[in-house]
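What follows is a set of notes on a single structure, which appears directly below.
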Amino acid sequence: DSKGRRIFTEQMTDNFQPMVNFGDWVLGAAAGSTTASERYPAKLPLRKWIPELAAELDTAETPLSRYGACVGGLTREGVFMYAGAGDNTTHTHLDPAENFMLVAHGSKRLQLFPPGEFTKLYPWPNPKYHSSAVPPFTLPSDSPPEFPAYADARPVEVEVEQGDMLYLPAFWYHCVQGGKGFNAILSWWTSIHPSKRDTGSGEFQPDRPEYEISDLDHLQSEAAP
């Protein structure tokens, strides 16, 4: 974008980026390869792509084993990995799922908006309204003239580092930027706890004890401007 950031709106697993050997990509990212920074291996289901790590997590103490009573069921695909080679940035969007995000390497910066900020974020596209038209990490004080209501937004900005875990509630708008150099997070996406369920109708069905991450794909695949 105009600030020189690489903003990714699609993941390699969606076939919008050329696929590469993950091991080769990690070595390149760790070495600061420019080619590696042009790829964003995101939304990688570990059971499919790194089954050895998935097997270890099945028996390890994890955010889900410690805090799982606060949420619903884990996605059928299990744990996901998002990796980046430095300054990889996402657009501002929401996910209709709870998320325990653990930083495995490097750091991540997030700008967060509770659902009540919805009208200030210029959400689109109709009828899902899952993405914000405002560029990621824009400060309200720098609100572009075409988005005047954003000047009244009250984002929360956090930075998490290796070993930190962040609980990202369902339906919170957020954008994410990777730190300098190789960075990676693990995400445990779950359905919503029964005490938080909404009786309204919609694409997401919280009464299901488990759901597939494909339930969210229609949201993310439409998110690119």
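Residues in the structure tokens are numbered from 1 in each chain, the chains being A, B, ... in the order shown, and ligands are numbered from 1 in the order shown.
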**Asked** Contacts of range 45-54 of chain A at 9 Å or less, counting only C-alpha atoms, minus same-chain residues fewer than 4 places along, as a list in words?
**Response**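 Once the nearby chain positions are removed, what remains is Phe22, Asp58, Glu77, Gly78, Val79, Phe80 and Met81 of chain A.
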**Message:** Need to verify the contact set: Val156 in chain A, 9 Å, only C-alpha atoms, exclusion of same-chain residues closer than 5 positions in sequence. Can you return it as a PyMOL selection string?
**Reply:** chain A and resi 110-114
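Using only C-alpha atoms, the shortest contact distance between Val71 in chain A and any of A:Ala170, A:Ala184, A:Cys175, A:Ala104 is found at A:Ala170.
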**Message:** List the spatial neighbours of Val158 in chain A as JSON, numbers by chain - criterion: any atom at most 12 Å away, only C-alpha atoms, same-chain residues fewer than 5 positions off excluded.
**Reply:** {"A": [107, 108, 109, 110, 111, 112, 113, 137, 164, 165, 166, 167, 168, 174, 175, 176, 177]}
**Fill in**
Students should find that CA of Pro127 in chain A and CA of Ser143 in chain A are spaced 24.6 Å
**Message:** I need the residues of range 3-223 of chain A that end up classed as strand (DSSP E) by DSSP on the backbone, written out as a ChimeraX atom specification.
**Reply:** /A:6-8,44-45,80-84,88-90,98-105,107-113,123-124,131-132,156-161,165-168,173-178,183-190
**Prompt:** Which one is closest to Leu64 in chain A: A:Thr34, A:Asn88, A:Asn183, A:Thr190? Count only C-alpha atoms.
**Reply:**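 Answer, going by the shortest atom-to-atom distance: A:Thr190.
Across the structure, CA of Gly106 in chain A and CA of Ser141 in chain A are spaced 29.0 Å apart.
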**Request:** Write out as number ranges by chain the residues lying within 6 Å of range 94-98 of chain A, counting only C-alpha atoms and excluding same-chain residues fewer than 6 positions away.
**Result:** A: 130, 169-173, 189-191
**Message:** One decimal, in Å: what's the spacing between CA of Val26 in chain A and CA of Ala83 in chain A?
**Reply:**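 Interatomic distance here is 8.7 Å.
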**Prompt:** Quick one: of A:Pro41, A:Gly84, A:Gly68, A:Gly116, who's nearest to Ala29 in chain A, counting only C-alpha atoms?
**Reply:** A:Gly84
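Among the candidates A:His193, A:His105, A:Arg76, A:Lys120, the one nearest to Pro155 in chain A when counting only C-alpha atoms is A:Lys120.
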Selection near Thr119 in chain A, 10 Å with only C-alpha atoms, sequence-local residues under 6 positions removed, as a PDB file with all heavy atoms, in the first residue's frame:
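Below is the file out-v8.pdb, written as the result:
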```pdb
ATOM      1  N   SER A 132     -13.718  -4.166   6.815  1.00  0.00           N
ATOM      2  CA  SER A 132     -13.778  -2.713   6.929  1.00  0.00           C
ATOM      3  C   SER A 132     -13.109  -2.085   5.719  1.00  0.00           C
ATOM      4  O   SER A 132     -12.061  -2.551   5.258  1.00  0.00           O
ATOM      5  CB  SER A 132     -13.070  -2.258   8.203  1.00  0.00           C
ATOM      6  OG  SER A 132     -12.907  -0.840   8.214  1.00  0.00           O
ATOM      7  N   ALA A 149     -16.841   9.103  10.015  1.00  0.00           N
ATOM      8  CA  ALA A 149     -17.290   8.492  11.271  1.00  0.00           C
ATOM      9  C   ALA A 149     -16.169   7.735  11.974  1.00  0.00           C
ATOM     10  O   ALA A 149     -16.213   7.545  13.192  1.00  0.00           O
ATOM     11  CB  ALA A 149     -18.468   7.549  11.012  1.00  0.00           C
ATOM     12  N   TYR A 150     -15.145   7.328  11.220  1.00  0.00           N
ATOM     13  CA  TYR A 150     -14.042   6.591  11.820  1.00  0.00           C
ATOM     14  C   TYR A 150     -13.275   7.442  12.829  1.00  0.00           C
ATOM     15  O   TYR A 150     -12.616   6.918  13.728  1.00  0.00           O
ATOM     16  CB  TYR A 150     -13.093   6.071  10.732  1.00  0.00           C
ATOM     17  CG  TYR A 150     -11.981   5.199  11.269  1.00  0.00           C
ATOM     18  CD1 TYR A 150     -12.233   3.891  11.664  1.00  0.00           C
ATOM     19  CD2 TYR A 150     -10.679   5.692  11.390  1.00  0.00           C
ATOM     20  CE1 TYR A 150     -11.214   3.089  12.167  1.00  0.00           C
ATOM     21  CE2 TYR A 150      -9.658   4.892  11.885  1.00  0.00           C
ATOM     22  CZ  TYR A 150      -9.932   3.594  12.274  1.00  0.00           C
ATOM     23  OH  TYR A 150      -8.923   2.806  12.781  1.00  0.00           O
ATOM     24  N   ALA A 153     -13.968   6.345  16.264  1.00  0.00           N
ATOM     25  CA  ALA A 153     -13.698   4.953  16.640  1.00  0.00           C
ATOM     26  C   ALA A 153     -12.708   4.916  17.803  1.00  0.00           C
ATOM     27  O   ALA A 153     -11.895   5.834  17.997  1.00  0.00           O
ATOM     28  CB  ALA A 153     -13.147   4.182  15.452  1.00  0.00           C
TER      29      ALA A 153
END
```
**Prompt:** Looking only at the backbone, which of the residues in range 52-223 of chain A does DSSP tag as helix (DSSP H, G or I), as a count of residues only?
**Reply:** 41
